[in-house]
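**Student:** This is the content of model.txt (compact mmCIF, C-alpha atoms and all ligand atoms):
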# COMPACT_ATOMS: atom_id res chain seq x y z
CA MET Q 71 -21.80 -36.60 39.85
CA ASN Q 72 -23.77 -37.87 36.88
CA PHE Q 73 -23.80 -35.04 34.35
CA GLU Q 74 -25.79 -37.13 31.92
CA ALA Q 75 -28.69 -38.19 34.14
CA PHE Q 76 -31.23 -36.13 32.19
CA LEU Q 77 -30.35 -37.45 28.76
CA ALA Q 78 -32.83 -39.43 26.67
CA PRO Q 79 -32.14 -43.19 26.44
CA TYR Q 80 -31.18 -42.79 22.77
CA ALA Q 81 -28.61 -40.05 23.46
CA ALA Q 82 -24.89 -40.84 23.40
CA CYS Q 83 -23.68 -41.40 26.93
CA SER Q 84 -20.03 -41.08 28.04
CA ALA Q 85 -20.23 -44.17 30.22
CA ASP Q 86 -21.18 -46.28 27.16
CA SER Q 87 -18.59 -44.72 24.84
CA ARG Q 88 -16.72 -47.08 22.53
CA GLY Q 89 -13.65 -45.45 24.00
CA ARG Q 90 -10.39 -43.90 22.87
CA ARG Q 91 -7.79 -45.45 20.60
CA PHE Q 92 -5.23 -45.27 23.40
CA PRO Q 93 -6.91 -46.17 26.70
CA GLU Q 94 -6.79 -43.47 29.38
CA SER Q 95 -8.16 -43.41 32.91
CA ASP Q 96 -11.38 -41.44 33.52
CA SER Q 97 -11.28 -37.87 34.73
CA ALA Q 98 -12.59 -37.19 38.24
CA SER Q 99 -14.31 -33.97 37.20
CA ARG Q 100 -15.37 -34.28 33.55
CA THR Q 101 -17.10 -36.80 31.29
CA ALA Q 102 -15.21 -38.25 28.33
CA PHE Q 103 -17.11 -35.99 25.90
CA GLN Q 104 -16.37 -32.88 27.98
CA ARG Q 105 -12.70 -33.77 27.81
CA ASP Q 106 -12.91 -34.19 24.04
CA ARG Q 107 -14.41 -30.73 23.69
CA ASP Q 108 -11.76 -29.22 25.96
CA ARG Q 109 -8.95 -30.90 24.01
CA ILE Q 110 -10.34 -29.46 20.79
CA ILE Q 111 -10.54 -25.91 22.19
CA HIS Q 112 -6.92 -26.09 23.37
CA CYS Q 113 -5.44 -27.47 20.15
CA GLY Q 114 -3.46 -25.45 17.61
CA ALA Q 115 -5.72 -26.20 14.63
CA PHE Q 116 -8.66 -24.69 16.56
CA ARG Q 117 -6.84 -21.40 17.08
CA ARG Q 118 -5.98 -21.24 13.39
CA LEU Q 119 -9.70 -21.25 12.54
CA GLU Q 120 -9.71 -17.58 13.52
CA TYR Q 121 -7.70 -16.74 10.41
CA LYS Q 122 -9.40 -19.04 7.94
CA THR Q 123 -12.50 -18.16 5.98
CA GLN Q 124 -15.29 -19.78 4.01
CA VAL Q 125 -16.47 -17.25 1.44
CA PHE Q 126 -14.58 -14.07 2.14
CA VAL Q 127 -10.83 -14.02 2.61
CA ASN Q 128 -9.58 -13.08 6.05
CA HIS Q 129 -8.24 -9.63 5.23
CA GLU Q 130 -11.38 -8.48 3.41
CA GLY Q 131 -13.05 -7.16 6.54
CA ASP Q 132 -13.21 -7.55 10.29
CA LEU Q 133 -16.92 -8.26 10.51
CA PHE Q 134 -17.19 -11.29 8.28
CA ARG Q 135 -17.44 -14.78 9.68
CA THR Q 136 -14.28 -16.77 10.03
CA ARG Q 137 -14.16 -20.52 10.50
CA LEU Q 138 -13.83 -19.88 14.21
CA THR Q 139 -16.96 -17.77 14.59
CA HIS Q 140 -18.76 -20.13 12.21
CA SER Q 141 -17.81 -23.11 14.42
CA LEU Q 142 -19.05 -21.26 17.51
CA GLU Q 143 -22.36 -20.53 15.79
CA VAL Q 144 -22.70 -24.20 14.81
CA ALA Q 145 -22.01 -25.20 18.43
CA GLN Q 146 -24.63 -22.75 19.70
CA ILE Q 147 -27.30 -24.01 17.31
CA SER Q 148 -26.41 -27.65 17.98
CA ARG Q 149 -26.58 -27.20 21.71
CA SER Q 150 -29.93 -25.49 21.77
CA ILE Q 151 -31.47 -28.23 19.64
CA ALA Q 152 -29.70 -30.94 21.68
CA ARG Q 153 -31.11 -29.64 24.95
CA ASN Q 154 -34.63 -29.71 23.56
CA LEU Q 155 -34.21 -33.30 22.39
CA ARG Q 156 -32.35 -34.32 25.58
CA LEU Q 157 -29.26 -35.25 23.56
CA ASN Q 158 -25.70 -34.96 24.79
CA GLU Q 159 -24.76 -31.27 24.60
CA ASP Q 160 -21.10 -31.87 25.39
CA LEU Q 161 -20.71 -34.33 22.54
CA VAL Q 162 -22.55 -32.17 20.04
CA GLU Q 163 -20.48 -29.17 21.08
CA GLY Q 164 -17.20 -31.04 20.60
CA ILE Q 165 -18.22 -32.28 17.15
CA SER Q 166 -19.37 -28.79 16.13
CA LEU Q 167 -16.16 -27.12 17.27
CA ALA Q 168 -14.01 -29.71 15.49
CA HIS Q 169 -15.97 -30.13 12.26
CA ASP Q 170 -13.94 -27.62 10.22
CA LEU Q 171 -10.46 -28.20 11.69
CA GLY Q 172 -9.22 -29.75 8.45
CA HIS Q 173 -10.17 -26.86 6.19
CA THR Q 174 -7.54 -25.37 3.93
CA PRO Q 175 -6.93 -21.64 3.69
CA PHE Q 176 -9.25 -19.71 1.33
CA GLY Q 177 -12.37 -21.78 1.92
CA HIS Q 178 -13.74 -24.05 -0.76
CA ALA Q 179 -11.43 -22.65 -3.41
CA GLY Q 180 -8.42 -23.84 -1.41
CA GLN Q 181 -9.97 -27.25 -0.81
CA ASP Q 182 -10.81 -27.79 -4.49
CA ALA Q 183 -7.35 -26.70 -5.60
CA LEU Q 184 -5.61 -28.96 -3.11
CA ASP Q 185 -7.83 -31.89 -4.07
CA GLU Q 186 -6.89 -31.35 -7.71
CA CYS Q 187 -3.17 -31.21 -6.83
CA MET Q 188 -3.51 -34.43 -4.85
CA ARG Q 189 -5.40 -36.31 -7.57
CA ASP Q 190 -2.56 -38.78 -8.20
CA PHE Q 191 -1.74 -39.06 -4.51
CA GLY Q 192 -5.06 -40.11 -2.96
CA GLY Q 193 -6.93 -36.77 -3.16
CA PHE Q 194 -7.71 -34.23 -0.47
CA GLU Q 195 -10.99 -33.89 1.38
CA HIS Q 196 -11.42 -31.37 4.22
CA ASN Q 197 -13.72 -33.61 6.20
CA LEU Q 198 -11.20 -36.46 6.21
CA GLN Q 199 -8.51 -33.92 7.02
CA SER Q 200 -10.42 -32.80 10.14
CA LEU Q 201 -10.23 -36.40 11.35
CA ARG Q 202 -6.54 -36.53 10.41
CA VAL Q 203 -5.90 -33.42 12.51
CA VAL Q 204 -7.45 -34.89 15.66
CA ASP Q 205 -6.14 -38.43 15.06
CA LEU Q 206 -2.65 -37.69 13.86
CA LEU Q 207 -1.43 -34.18 13.23
CA GLU Q 208 -1.81 -32.47 16.60
CA GLU Q 209 1.32 -33.01 18.68
CA ARG Q 210 0.39 -32.29 22.28
CA TYR Q 211 0.73 -35.56 24.15
CA GLY Q 212 3.79 -37.50 25.20
CA THR Q 213 2.61 -40.97 24.33
CA PHE Q 214 0.42 -40.65 21.24
CA ASP Q 215 -0.18 -38.54 18.15
CA GLY Q 216 -3.36 -36.49 17.84
CA LEU Q 217 -5.88 -35.73 20.58
CA ASN Q 218 -6.99 -39.31 21.27
CA LEU Q 219 -10.69 -38.39 21.14
CA THR Q 220 -13.51 -40.83 21.79
CA PHE Q 221 -15.02 -42.88 18.98
CA GLU Q 222 -18.27 -40.87 19.16
CA THR Q 223 -16.58 -37.49 18.61
CA ARG Q 224 -14.45 -38.92 15.79
CA GLU Q 225 -17.45 -40.51 14.06
CA GLY Q 226 -19.27 -37.16 14.28
CA ILE Q 227 -16.36 -35.32 12.67
CA LEU Q 228 -16.40 -37.73 9.73
CA LYS Q 229 -19.65 -36.53 8.17
CA HIS Q 230 -19.28 -38.18 4.81
CA CYS Q 231 -16.78 -40.48 3.24
CA ALA Q 232 -16.32 -42.36 -0.03
CA LEU Q 233 -16.47 -46.15 0.32
CA GLU Q 234 -12.93 -46.63 -0.86
CA LYS Q 235 -11.67 -44.28 1.88
CA ALA Q 236 -14.03 -45.74 4.48
CA ARG Q 237 -12.34 -49.12 4.06
CA GLN Q 238 -9.03 -47.61 5.15
CA LEU Q 239 -10.43 -45.86 8.21
CA GLY Q 240 -11.20 -48.77 10.52
CA ASP Q 241 -13.84 -48.21 13.21
CA VAL Q 242 -15.17 -44.81 12.08
CA GLY Q 243 -15.34 -45.91 8.44
CA LEU Q 244 -17.49 -48.94 9.15
CA ARG Q 245 -20.87 -47.19 9.16
CA PHE Q 246 -20.43 -46.04 5.55
CA ILE Q 247 -19.81 -49.63 4.47
CA GLU Q 248 -22.68 -50.99 6.57
CA ARG Q 249 -24.93 -48.06 5.60
CA LYS Q 250 -25.74 -47.20 9.19
CA GLN Q 251 -26.33 -43.86 10.86
CA PRO Q 252 -24.08 -42.13 13.39
CA SER Q 253 -25.34 -40.90 16.78
CA LEU Q 254 -28.14 -38.32 16.86
CA GLU Q 255 -25.54 -35.84 18.11
CA ALA Q 256 -23.51 -36.35 14.92
CA GLN Q 257 -26.62 -36.04 12.75
CA LEU Q 258 -27.51 -32.85 14.58
CA ALA Q 259 -24.10 -31.16 14.23
CA ASN Q 260 -24.29 -31.79 10.50
CA LEU Q 261 -27.65 -30.03 10.17
CA ALA Q 262 -26.63 -27.18 12.49
CA ASP Q 263 -23.65 -26.54 10.18
CA GLU Q 264 -26.06 -25.99 7.30
CA ILE Q 265 -28.37 -23.73 9.34
CA ALA Q 266 -25.39 -21.64 10.45
CA TYR Q 267 -23.72 -21.05 7.10
CA ASN Q 268 -26.86 -20.45 5.06
CA ASN Q 269 -27.90 -17.72 7.46
CA HIS Q 270 -24.58 -16.09 8.12
CA ASP Q 271 -23.77 -16.05 4.42
CA ILE Q 272 -26.91 -13.96 3.88
CA ASP Q 273 -25.73 -11.58 6.58
CA ASP Q 274 -22.15 -11.39 5.27
CA GLY Q 275 -23.37 -11.23 1.66
CA LEU Q 276 -25.56 -8.21 2.41
CA ARG Q 277 -22.89 -6.51 4.50
CA SER Q 278 -20.33 -6.88 1.73
CA GLY Q 279 -22.76 -5.45 -0.81
CA LEU Q 280 -22.46 -8.54 -3.01
CA LEU Q 281 -26.09 -9.38 -2.29
CA THR Q 282 -29.03 -6.99 -2.17
CA THR Q 283 -32.23 -7.34 -0.17
CA ALA Q 284 -34.18 -7.03 -3.43
CA GLN Q 285 -32.45 -10.18 -4.71
CA LEU Q 286 -33.15 -11.98 -1.48
CA ASP Q 287 -36.86 -11.26 -1.77
CA GLU Q 288 -36.86 -13.99 -4.43
CA VAL Q 289 -36.09 -16.50 -1.71
CA ASP Q 290 -39.28 -17.65 -0.03
CA LEU Q 291 -37.84 -18.32 3.41
CA TYR Q 292 -36.27 -14.86 3.53
CA ALA Q 293 -39.24 -13.03 2.02
CA ARG Q 294 -41.73 -14.56 4.48
CA HIS Q 295 -39.75 -13.51 7.52
CA ARG Q 296 -38.83 -10.14 6.05
CA HIS Q 297 -42.53 -9.48 5.51
CA GLU Q 298 -43.20 -10.39 9.15
CA VAL Q 299 -40.54 -7.93 10.31
CA ASP Q 300 -41.82 -5.12 8.08
CA GLN Q 301 -45.33 -5.63 9.45
CA ALA Q 302 -44.32 -5.81 13.10
CA MET Q 303 -41.59 -3.16 13.11
CA PRO Q 304 -42.05 -0.67 10.27
CA GLY Q 305 -39.27 1.89 9.87
CA ILE Q 306 -36.60 0.21 11.98
CA GLY Q 307 -33.93 0.74 9.33
CA SER Q 308 -32.39 -1.71 6.96
CA ARG Q 309 -29.57 -3.18 9.11
CA ARG Q 310 -31.88 -3.96 12.00
CA ALA Q 311 -34.49 -5.36 9.64
CA ILE Q 312 -31.91 -7.74 8.15
CA HIS Q 313 -30.86 -8.95 11.60
CA GLU Q 314 -34.48 -9.32 12.71
CA THR Q 315 -35.15 -11.34 9.56
CA VAL Q 316 -32.12 -13.61 9.87
CA ARG Q 317 -32.74 -14.35 13.54
CA ARG Q 318 -36.35 -15.28 12.73
CA MET Q 319 -35.11 -17.58 9.97
CA ILE Q 320 -32.63 -19.31 12.26
CA ASN Q 321 -35.32 -19.72 14.87
CA ALA Q 322 -37.79 -21.13 12.34
CA LEU Q 323 -35.20 -23.65 11.10
CA ILE Q 324 -34.30 -24.69 14.66
CA VAL Q 325 -37.92 -25.10 15.75
CA ASP Q 326 -38.63 -27.09 12.59
CA VAL Q 327 -35.72 -29.48 13.26
CA ILE Q 328 -36.84 -29.97 16.86
CA ARG Q 329 -40.48 -30.69 15.91
CA THR Q 330 -39.63 -32.94 12.96
CA SER Q 331 -36.98 -34.88 14.86
CA GLU Q 332 -39.23 -35.32 17.91
CA ALA Q 333 -41.92 -36.79 15.66
CA ARG Q 334 -39.48 -39.15 13.94
CA ILE Q 335 -38.06 -40.28 17.28
CA ALA Q 336 -41.58 -40.84 18.64
CA ASP Q 337 -42.33 -42.91 15.55
CA ILE Q 338 -39.31 -45.20 15.75
CA LYS Q 339 -39.04 -45.22 19.57
CA PRO Q 340 -35.33 -45.95 19.75
CA GLN Q 341 -34.44 -47.48 23.13
CA ASN Q 342 -30.73 -46.84 22.86
CA ILE Q 343 -28.01 -45.58 20.55
CA ASP Q 344 -27.85 -48.89 18.66
CA ASP Q 345 -31.48 -48.45 17.60
CA VAL Q 346 -30.49 -44.97 16.35
CA ARG Q 347 -27.63 -46.42 14.31
CA ASN Q 348 -29.91 -48.97 12.67
CA ALA Q 349 -32.77 -46.55 11.88
CA ALA Q 350 -33.13 -44.03 9.05
CA PRO Q 351 -31.77 -40.52 9.83
CA LEU Q 352 -33.88 -39.11 12.67
CA ILE Q 353 -32.60 -35.54 12.89
CA ALA Q 354 -34.14 -33.74 9.95
CA PHE Q 355 -36.05 -30.80 8.53
CA SER Q 356 -39.70 -31.24 7.55
CA GLU Q 357 -40.30 -31.73 3.83
CA ALA Q 358 -41.44 -28.12 3.42
CA MET Q 359 -38.46 -26.69 5.29
CA ARG Q 360 -36.06 -28.95 3.40
CA THR Q 361 -37.33 -27.38 0.17
CA ASP Q 362 -37.01 -23.87 1.62
CA ALA Q 363 -33.46 -24.55 2.81
CA MET Q 364 -32.52 -26.02 -0.58
CA LEU Q 365 -33.82 -22.97 -2.45
CA LEU Q 366 -31.86 -20.68 -0.14
CA LYS Q 367 -28.71 -22.72 -0.66
CA GLN Q 368 -29.22 -22.62 -4.43
CA PHE Q 369 -29.71 -18.86 -4.30
CA LEU Q 370 -26.47 -18.36 -2.36
CA HIS Q 371 -24.65 -20.65 -4.75
CA ASP Q 372 -25.81 -18.72 -7.83
CA ASN Q 373 -25.59 -15.19 -6.45
CA LEU Q 374 -22.92 -15.10 -3.76
CA TYR Q 375 -20.48 -17.98 -4.23
CA ARG Q 376 -20.41 -17.32 -7.99
CA HIS Q 377 -20.34 -13.52 -7.76
CA TYR Q 378 -17.58 -12.15 -9.98
CA GLN Q 379 -15.81 -10.51 -7.08
CA VAL Q 380 -15.81 -13.80 -5.19
CA ASN Q 381 -14.67 -15.56 -8.40
CA ARG Q 382 -11.64 -13.28 -8.59
CA MET Q 383 -10.60 -14.15 -5.06
CA THR Q 384 -11.30 -17.82 -5.75
CA ALA Q 385 -9.08 -17.77 -8.82
CA LYS Q 386 -6.23 -16.19 -6.86
CA ALA Q 387 -6.64 -18.69 -4.03
CA ARG Q 388 -6.53 -21.64 -6.41
CA ARG Q 389 -3.40 -20.29 -8.05
CA ILE Q 390 -1.65 -19.73 -4.73
CA VAL Q 391 -2.41 -23.26 -3.51
CA ALA Q 392 -1.52 -24.92 -6.82
CA GLU Q 393 1.75 -23.02 -7.21
CA MET Q 394 2.86 -23.75 -3.65
CA PHE Q 395 2.00 -27.43 -4.05
CA ALA Q 396 3.96 -27.68 -7.31
CA ALA Q 397 6.98 -25.89 -5.84
CA PHE Q 398 7.07 -28.05 -2.71
CA THR Q 399 6.57 -31.40 -4.43
CA THR Q 400 9.09 -30.78 -7.20
CA THR Q 401 11.63 -29.28 -4.76
CA PRO Q 402 11.03 -30.69 -1.24
CA GLY Q 403 14.15 -28.78 -0.17
CA LEU Q 404 11.93 -25.66 -0.07
CA LEU Q 405 9.86 -27.17 2.76
CA PRO Q 406 10.48 -26.60 6.47
CA PRO Q 407 12.36 -29.68 7.76
CA ALA Q 408 9.37 -31.06 9.69
CA TYR Q 409 7.49 -31.59 6.41
CA ARG Q 410 10.38 -33.07 4.43
CA LEU Q 411 10.69 -36.82 3.99
CA PRO Q 412 13.72 -38.86 2.95
CA GLN Q 413 13.70 -39.02 -0.86
CA GLY Q 414 11.76 -41.72 -2.62
CA ASP Q 415 8.16 -41.92 -1.49
CA ALA Q 416 6.37 -39.36 -3.68
CA VAL Q 417 2.91 -40.22 -2.30
CA ALA Q 418 3.94 -39.78 1.34
CA GLN Q 419 5.77 -36.55 0.49
CA ALA Q 420 2.74 -35.17 -1.35
CA ARG Q 421 0.57 -35.96 1.71
CA LYS Q 422 3.02 -34.06 3.91
CA VAL Q 423 2.82 -31.08 1.56
CA ALA Q 424 -0.99 -31.27 1.69
CA ASP Q 425 -0.86 -31.32 5.51
CA TYR Q 426 1.42 -28.29 5.48
CA ILE Q 427 -0.75 -26.30 3.06
CA ALA Q 428 -4.04 -27.34 4.69
CA GLY Q 429 -2.74 -26.17 8.07
CA MET Q 430 -2.01 -22.66 6.78
CA THR Q 431 -4.22 -19.69 7.59
CA ASP Q 432 -5.27 -17.36 4.74
CA ARG Q 433 -2.64 -14.79 5.53
CA TYR Q 434 0.10 -17.35 6.20
CA ALA Q 435 -0.59 -18.94 2.82
CA ALA Q 436 -0.43 -15.57 1.03
CA ARG Q 437 2.82 -14.74 2.81
CA GLU Q 438 4.38 -18.16 2.17
CA HIS Q 439 3.48 -17.84 -1.50
CA ARG Q 440 5.26 -14.49 -1.64
CA ARG Q 441 8.28 -15.98 0.13
CA LEU Q 442 8.47 -18.63 -2.58
CA PHE Q 443 7.85 -16.47 -5.62
CA ASP Q 444 8.63 -12.86 -4.81
CA ILE Q 445 12.36 -12.07 -4.91
CA ASN Q 446 11.86 -9.12 -2.53
CA GLU Q 447 10.33 -11.32 0.20
CA SER Q 448 12.31 -13.54 2.50
MG MG Q 501 -18.90 -25.84 8.65
Written as structure tokens, that's how I'd like the structure from this file.

**Tutor:**
Amino acid sequence: MNFEAFLAPYAACSADSRGRRFPESDSASRTAFQRDRDRIIHCGAFRRLEYKTQVFVNHEGDLFRTRLTHSLEVAQISRSIARNLRLNEDLVEGISLAHDLGHTPFGHAGQDALDECMRDFGGFEHNLQSLRVVDLLEERYGTFDGLNLTFETREGILKHCALEKARQLGDVGLRFIERKQPSLEAQLANLADEIAYNNHDIDDGLRSGLLTTAQLDEVDLYARHRHEVDQAMPGIGSRRAIHETVRRMINALIVDVIRTSEARIADIKPQNIDDVRNAAPLIAFSEAMRTDAMLLKQFLHDNLYRHYQVNRMTAKARRIVAEMFAAFTTTPGLLPPAYRLPQGDAVAQARKVADYIAGMTDRYAAREHRRLFDINES
């Protein structure tokens, strides 16, 4: 059965995939991209996303987004846009579900702290780490490390990359050197990520009380849709009004991406995925919506991500990561045996420590820190 018969000619097609690093025979029941998605869902790093967070720390409340629910929201948004543009839903779903696999505990605070710790050892970047998880760190197969995903899923996971790193990455690094675009599915997952977090951070920000609706009225995109809701459904209560507003915003962003991307595609008329790679980015917001989205992002940055209560958690998270890193690198004997290397190679040992810390969930990291520094914990 050809599951991809309805795709546009410029969509990524399993049959034309650049393949896996270790050749495998085709499945009788699934396309290569379906298998990639399934491998991601069944891997250990995916399950850990449930206990990792972006803005709020896992124990702060049961209703906040985790990296798992965030990834599911990204996959949902990606898929609905993909279907409209006749792109490959299976590929875009796999990329969306895998895009945050490399994230450290404690969101961006953890990532920044680990990057700082790794400064003399090649740095740490969560996006590169996601690729490292699927290429190397998962141990589920008898004959190779990682999940052995297709080139197209791996290229989609690697959203951005410094040139110096790109040179070490082989096939998936090449497009950064050649200044080419990835598949439309990869471009789409990237944009869906932004749509998802901007909107759910409003929702979580309001629920936590760190943001107020009065503050949000300064943001054009929010205010416009809020006004629409107030006109159409007066007196529905504040929680429902927030949800009605956020869902309208998500819809407006999605419709805008579909319309804008359709127009760009019609303009360039790509005949196949190679034309896509050689063109300018084709999946995009309109100019007006780009400005709206930027202002919203700026607002969240100033008012939520820099809120003093978030700052306190951020400071604690940085300290926990930095102290664990220092303890493990100066005394590798404190590490579980699987992460310990024979003495001598400080760079390789530091990378192992980074892999260990990056793989931790929020609560595991807090507990491990106590085990290292609190005499009453074992
Ligand atoms: Mg994300």

**Student:** Between Q:Thr400, Q:Ser97, Q:Asn348, Q:Gln124, which has the minimum distance to Asn268 (chain Q) (counting only C-alpha atoms)?

**Tutor:**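 Smallest separation from Asn268 (chain Q) among the options: Q:Gln124.
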
**Student:** Using only C-alpha atoms and all ligand atoms, find each residue with an atom at most 8 Å away from ligand MG 501 (chain Q) and format the answer as a ChimeraX atom specification.

**Tutor:** /Q:137,140-141,144,169-170,263-264,266-267

**Student:** Which one is closest to Val204 (chain Q): Q:Arg109, Q:Asp96, Q:Gln251, Q:Arg294? Count only C-alpha atoms.

**Tutor:** Q:Arg109

**Student:** Within 6 Å of Phe221 (chain Q), counting all atoms listed in the file, which residues qualify if same-chain residues fewer than 3 places away don't, as a VMD selection string?

**Tutor:** chain Q and resid 88 to 89 224 to 225

**Student:** For the selection you just gave me, I'd like the residues written to a file as an mmCIF file, in the frame of the given file, keeping C-alpha atoms.

**Tutor:**
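out-v7.cif written:
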data_model
loop_
_atom_site.group_PDB
_atom_site.id
_atom_site.type_symbol
_atom_site.label_atom_id
_atom_site.label_comp_id
_atom_site.auth_asym_id
_atom_site.auth_seq_id
_atom_site.Cartn_x
_atom_site.Cartn_y
_atom_site.Cartn_z
ATOM 1 C CA ARG Q 88 -16.720 -47.080 22.530
ATOM 2 C CA GLY Q 89 -13.650 -45.450 24.000
ATOM 3 C CA ARG Q 224 -14.450 -38.920 15.790
ATOM 4 C CA GLU Q 225 -17.450 -40.510 14.060
#

**Student:** Given all atoms listed in the file, how would the per-residue table for region 93-170 of chain Q near region 333-336 of chain Q read, listing every residue at most 12 Å away with its closest atom pair and distance in Å to one decimal, sorted by chain and number, as CSV?

**Tutor:**
residue,atom,partner,partner_atom,distance
Q:Leu155,CA,Q:Ile335,CA,9.5
Q:Arg156,CA,Q:Ile335,CA,11.7
Q:Leu157,CA,Q:Ile335,CA,11.9

**Student:** What's the 9 Å shell around Ala392 (chain Q), counting only C-alpha atoms, without same-chain residues fewer than 4 positions away, as a list in words?

**Tutor:**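 In the requested form, the answer reads Gly180, Ala183, Leu184, Glu186, Cys187, Ala387, Arg388, Ala396 and Ala397 of chain Q.
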
**Student:** Please produce a file of those selected residues containing C-alpha atoms, as a short mmCIF file (atom, residue, chain, number, x, y, z; two decimals), keeping the file's coordinate frame.

**Tutor:**
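File part.cif, as written:
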data_model
loop_
_atom_site.label_atom_id
_atom_site.label_comp_id
_atom_site.auth_asym_id
_atom_site.auth_seq_id
_atom_site.Cartn_x
_atom_site.Cartn_y
_atom_site.Cartn_z
CA GLY Q 180 -8.42 -23.84 -1.41
CA ALA Q 183 -7.35 -26.70 -5.60
CA LEU Q 184 -5.61 -28.96 -3.11
CA GLU Q 186 -6.89 -31.35 -7.71
CA CYS Q 187 -3.17 -31.21 -6.83
CA ALA Q 387 -6.64 -18.69 -4.03
CA ARG Q 388 -6.53 -21.64 -6.41
CA ALA Q 396 3.96 -27.68 -7.31
CA ALA Q 397 6.98 -25.89 -5.84
#

**Student:** What is the CA of Asp273 (chain Q)-CA of Ile328 (chain Q) distance in Å, reported with one decimal?

**Tutor:**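 CA of Ile328 (chain Q) lies 23.8 Å from CA of Asp273 (chain Q).
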
**Student:** Can you work out which one of Q:Leu161, Q:Ala232, Q:Phe76, Q:Leu404 has the shortest atom-to-atom distance to Thr101 (chain Q), counting all atoms listed in the file?

**Tutor:**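 Checking each of Q:Leu161, Q:Ala232, Q:Phe76, Q:Leu404 against Thr101 (chain Q), counting all atoms listed in the file, the winner is Q:Leu161.
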
**Student:** Of the candidates Q:Thr213, Q:Asn381, Q:Asn269, Q:Thr282, which shows the shortest atom-to-atom distance to Ala363 (chain Q), using all atoms listed in the file?

**Tutor:** Q:Asn269

**Student:** Nearest residue to Ala418 (chain Q) out of Q:Glu357, Q:Gly192, Q:Pro406, Q:Ala436, using only C-alpha atoms?

**Tutor:**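 Smallest separation from Ala418 (chain Q) among the options: Q:Gly192.
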
**Student:** Check the smallest atom-to-atom distance from each of Q:Met430, Q:Ala358, Q:Ile353, Q:Leu276 to His313 (chain Q) using all atoms listed in the file, then report the winner.

**Tutor:**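 The closest residue to His313 (chain Q) is Q:Leu276.
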